[in-house]
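See below for the structure under consideration.
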Amino acid sequence: MSDPVITARGLTKRYGEAVVVDAIDFDIRKGETFGLLGPNGAGKTTTILMMLGLTDVSAGTVVVAGHDPVRQPLQVKRRVGYLPDLVGFYDHMTAVENLAYTARLMGIGRDVRDARIMDALALVRLNGVAHKSVATFSRGMRQRLGLAELIVKRAEIAILDEPTSGLDPQSTHEFLDMIGALKREGVTILITSHLLDQVQRLCDRVALFRAGKILVMGTVPELARQVLGAGFVVDVEAAAAPGKELAARLGAIPGVLTVQQTAEATYRLTADHDVRAEAARAVVAADGALTRLSVDSPSLDAIYTRFFEKQSATEGEIRDAA
Amino acid sequence: MRREGSPWQGLGTVLLKELADHFDSLRMLGLALLTVLAAAVPFYLAVVELKNTTSEDPFLLLKLFNPGGQTLSVVAILGFVIPVVAISLGFDAINGEHNRRTLSRILAQPIYRDALLAGKFLAGIIILAVNLMCLWLLVAGLGVAFLGVPPSGDEFTRALVFYFVAVAYAGAWLGMAMLFSVLFRSPATAALLALGVWLFMTFLWPMIAPAIAAALIPPDPRYTLLGILDPQTAALQQGLSRISPYLLFGEATRTILTPTTPSLGPVLDQIRMLRGEVVGAALPLRESLALVWPEVVSLIAGAIVLFVATYVVFQRQEVRA
C-alpha cells in the first residue's frame, strides 16, 4: 500500500470536438483494489484503453507500472492483464488452445506454459472442460476463462471492465470470489462496474465517473460523508411518545445531522457516527416505548444513486436557467 | 514519437495460428476443391488438343497452362478463381476478430498491431502459394504423364515464373480483401464490396477502358480507315487497362507462357507490326523476363500499396467493440 502503480495526470481523450475523458487525475497504489463507477458512456473504457496504449492520449500523462503506455506499450502490456467487457474467444479452439495462443503471445516459454495453463484453469474451476471447445461455454465460463488468462500471465495489475455484467447471481458470486483470491495474492486490481454492492465488497477505494470527469474519489465511508452528508442512517421506531418532543430530542443528539419522520412513530436519523445508544436514551427520556432500533452502514448504492440524482438536478437547473 | 520494442514480436505466433486455422477450416477445403475442379476442365481440354500435336510443339508444358487460340485455358480460369479465393481468405481477417470480441484481448498482449496484421497477411499468402503450387504440380505432373514429354529447362523456368506471377496476383487481391476487412465492420459488407470490385475490374473495366481512351484521345480517322487503332489511343487504352489486376495478370501470363508470340494483345501487336517488328518468332527467356518484369512489379506494388493502406487504417482504428 505504498507507491502508486498507476498514475494519471490531466489524462484527456478527445474525438474531434467531443471530450470523452476530461483531464482526470488519479493514483492507484500497489495491491489496491480500485473501483471505477459511472453510467455507460462515462469514459471508463476509454480510460482503460489509454492505460494500455490501445488508444492515443490526447493530452496529459499516464504511467502504468513505471512505463508510459504511449511509448512503451509492450512493457506495460507485459505487466498488465486486461479482461474486456464481453470477452471473446476463438470458438473453434478449446479452452487450453485459446490460452496457449495468448500465452505464446505473452512470450511464456514452452516448458512452463502447459503447467501454468492447467493451474490457472483449476483456479477458475474450468479444468473439467479444459479440452472442450469454447463454443459450448456459457457467458460465466468465458468470463472465468478470461480471468484464467490473467492468471497465466501473472499480471501485476489486473484491469477488469464490467466483469460481472450479464452474469447470473450464482456466477457473479463465484466470479467475485475469484477476484478476491487474486486480490489476496497482492495483484493490483482496477475494476469498472455498475453492480455497486459487489464493488463495495471488493474495492478499497472507488471513483465516481461521469461525462469524462472523476467527480468524487475515496473509500466508501469517505464518499458517504461527502455525498450523503453522513455515513450512518439510524432507524428508530418508538410507540407512545409525543412526536414533536421525541423528534426534538433525537435532533439534539450530538452528531445527528437530520431527523426525518418516515411514519407515524418511526424516525430516520442521519449521523456521522453510530448513534443508537444515544437514540435509545432519548426515546426512554421522552417516555417512549422503543420497539425497533437499527443502523445502516453507508451503502455505495445509496451514494451512487444520490450522487447522480444531485448531478442531474444541478444540470437540470443549469439547463432551465439557460 | 518513437515506440519501443520490436514490431515483429508475436508475428510467428500469429502466423502459425492463422495457418493452423486455415488448414483446419472447411472454407479452405472448399477453396482448394474449387481451384482444382475449375482447372480440371481446361486442363483436360488442353491435354486432348495437345495429344494431336505433341510431336510438333516445342512448348508442351506451357501449352498445358495456356494452349492459346479459343480454348479455355487453365490460366484464364485462374484469372477468375484466384481473386475469389484470395477475397474469401481475407474479407473477415480483422472485422472477424472485432465481431468475436477477441481483438482487444489479443492486442492487450505484449505485441503491436503490426504483428497481427502482418501475420494474417503472410498466412493468407502462404495458403494461396501452397494452393497454387499444388495446382501447378498437378498440371505439370499429370501433363507429363499424359503426354510423355519432359519439359526443357527453359520451359520449366517459364512455368515457374508464371507461378510467381500468379502468387503476386493473389497477393494484390488478398491485400484488397484485408483492406476491406479493416474498413468495414461487417464481414458481409466487406465480402460483397470486394467481390464488387473484382467484378468491375474483371468484366467491366476491359469494356470501359477502350471507351475512355477513345474519348480522351480520339483516334485519327486515317488509322480508323485502315481498320486499325491509333497508336496513341492504343497506348492510353493499354495504360488504363493496366489498372485492372486481371488484365495485368492476363498480359503477364501471356508474355511468359507464349514465347513464340510475345503478344501484348492484338492492339499492340498491330503497332509492333507497323513498326516493322517480327511478331511470332520465339523469344529467348531473358527477353520474355524483361517484358514481363513491369507487370510483375506492378502486381507486387499493388499488393504492397494495399497492405500499407490496410496498415495505416488499422493503426488508427479504435479497438473497442
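Just remember, in the C-alpha cells the first chain shown is A, the second B, etc., residues are 1-based per chain, and ligands are 1-based in the order shown.
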Please return, as a PyMOL selection string, all residues of chain A lying within 8 Å of chain B when only C-alpha atoms are considered. chain A and resi 52+54-55+70-78+81-84+86-90+101-102+104-107
Tell me, which residues of range 69-275 of chain A carry DSSP alpha helix (DSSP H), written as a PyMOL selection string? chain A and resi 73-79+95-106+110-123+139-153+169-184+196-202+220-223+243-251
Taking 2 positions as the minimum chain separation for residues in the same chain, which residues sit within 12 Å of Val21 in chain A when counting only C-alpha atoms? Answer as a PyMOL selection string. chain A and resi 8-15+17-19+23-25+41-50+56-60+209-214
Near Val284 in chain A, counting only C-alpha atoms, which residues have an atom at most 10 Å away, once you skip same-chain residues fewer than 4 positions from it, shown as an mmCIF file with C-alpha atoms, in the first residue's frame?
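Generated output (selection_30.cif):
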```cif
data_model
loop_
_atom_site.group_PDB
_atom_site.id
_atom_site.type_symbol
_atom_site.label_atom_id
_atom_site.label_comp_id
_atom_site.auth_asym_id
_atom_site.auth_seq_id
_atom_site.Cartn_x
_atom_site.Cartn_y
_atom_site.Cartn_z
ATOM 1 C CA ALA A 238 -40.902 4.246 19.180
ATOM 2 C CA ALA A 241 -44.244 9.087 22.562
ATOM 3 C CA LEU A 246 -39.115 13.000 20.502
ATOM 4 C CA GLU A 278 -27.958 7.950 22.414
ATOM 5 C CA ALA A 279 -31.164 7.462 20.400
ATOM 6 C CA ALA A 280 -32.362 4.743 22.784
ATOM 7 C CA GLY A 288 -41.493 6.377 24.579
ATOM 8 C CA ALA A 289 -41.570 2.634 24.099
ATOM 9 C CA LEU A 290 -38.644 1.678 21.911
#
```
Could you work out how far CA of Gly79 in chain B lies from CA of Ala38 in chain B, giving the answer in Å with one decimal?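 Separating CA of Ala38 in chain B from CA of Gly79 in chain B is a distance of 11.1 Å.
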Considering only C-alpha atoms, return as a PyMOL selection string whatever protein or nucleic-acid residues lie within 8 Å of range 189-203 of chain A, sequence-local ones (same chain, fewer than 3 positions apart) excluded. chain A and resi 31-39+44+157-165+176+180+183+206+220+299-301
Go ahead and compute the interatomic distance for CA of Val165 in chain B and CA of Leu299 in chain B, in Å to one decimal.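 These atoms are spaced 8.0 Å apart.
Residues in contact range of Ser298 in chain B, defined as at most 10 Å between only C-alpha atoms, with sequence neighbours fewer than 2 positions away removed, read Ala168, Tyr169, Ala172, Arg242, Ile243, Pro245, Leu248, Phe249, Trp293, Pro294, Glu295, Val296, Ile300, Ala301, Gly302, Ala303 and Ile304 of chain B.
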Same residues, N, CA and C atoms, saved as a CSV table (one decimal), in the first residue's frame:
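Saved result, out.csv, follows:
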```
chain,number,residue,atom,x,y,z
B,168,ALA,N,1.7,-13.3,-57.0
B,168,ALA,CA,1.7,-11.8,-56.8
B,168,ALA,C,0.3,-11.3,-57.1
B,169,TYR,N,-0.4,-11.9,-58.1
B,169,TYR,CA,-1.8,-11.6,-58.4
B,169,TYR,C,-2.7,-11.9,-57.2
B,172,ALA,N,-2.2,-9.3,-54.4
B,172,ALA,CA,-2.9,-8.0,-54.6
B,172,ALA,C,-4.4,-8.1,-54.2
B,242,ARG,N,-4.3,-1.4,-67.6
B,242,ARG,CA,-3.4,-2.0,-66.6
B,242,ARG,C,-3.8,-1.6,-65.1
B,243,ILE,N,-4.7,-0.7,-65.0
B,243,ILE,CA,-5.3,-0.5,-63.6
B,243,ILE,C,-5.9,-1.8,-63.1
B,245,PRO,N,-6.0,-5.5,-62.1
B,245,PRO,CA,-5.1,-6.6,-61.9
B,245,PRO,C,-5.4,-7.7,-62.8
B,248,LEU,N,-3.7,-7.1,-66.1
B,248,LEU,CA,-2.3,-7.1,-65.8
B,248,LEU,C,-1.8,-8.5,-65.8
B,249,PHE,N,-2.6,-9.3,-65.1
B,249,PHE,CA,-2.2,-10.8,-64.9
B,249,PHE,C,-2.3,-11.5,-66.3
B,293,TRP,N,8.6,-8.2,-66.6
B,293,TRP,CA,9.1,-7.6,-65.4
B,293,TRP,C,8.2,-6.5,-64.9
B,294,PRO,N,7.8,-5.5,-65.8
B,294,PRO,CA,7.0,-4.4,-65.3
B,294,PRO,C,5.6,-4.8,-64.7
B,295,GLU,N,5.0,-5.8,-65.4
B,295,GLU,CA,3.7,-6.3,-64.9
B,295,GLU,C,3.9,-6.9,-63.6
B,296,VAL,N,4.9,-7.8,-63.4
B,296,VAL,CA,5.1,-8.4,-62.1
B,296,VAL,C,5.3,-7.4,-61.0
B,300,ILE,N,3.1,-6.7,-57.6
B,300,ILE,CA,3.6,-6.8,-56.3
B,300,ILE,C,3.5,-5.4,-55.6
B,301,ALA,N,3.7,-4.3,-56.4
B,301,ALA,CA,3.5,-3.0,-55.8
B,301,ALA,C,2.1,-2.8,-55.4
B,302,GLY,N,1.1,-3.3,-56.2
B,302,GLY,CA,-0.3,-3.2,-55.9
B,302,GLY,C,-0.6,-3.8,-54.5
B,303,ALA,N,0.0,-5.0,-54.4
B,303,ALA,CA,-0.2,-5.8,-53.1
B,303,ALA,C,0.4,-5.0,-51.9
B,304,ILE,N,1.6,-4.4,-52.1
B,304,ILE,CA,2.2,-3.6,-51.1
B,304,ILE,C,1.4,-2.4,-50.7
```
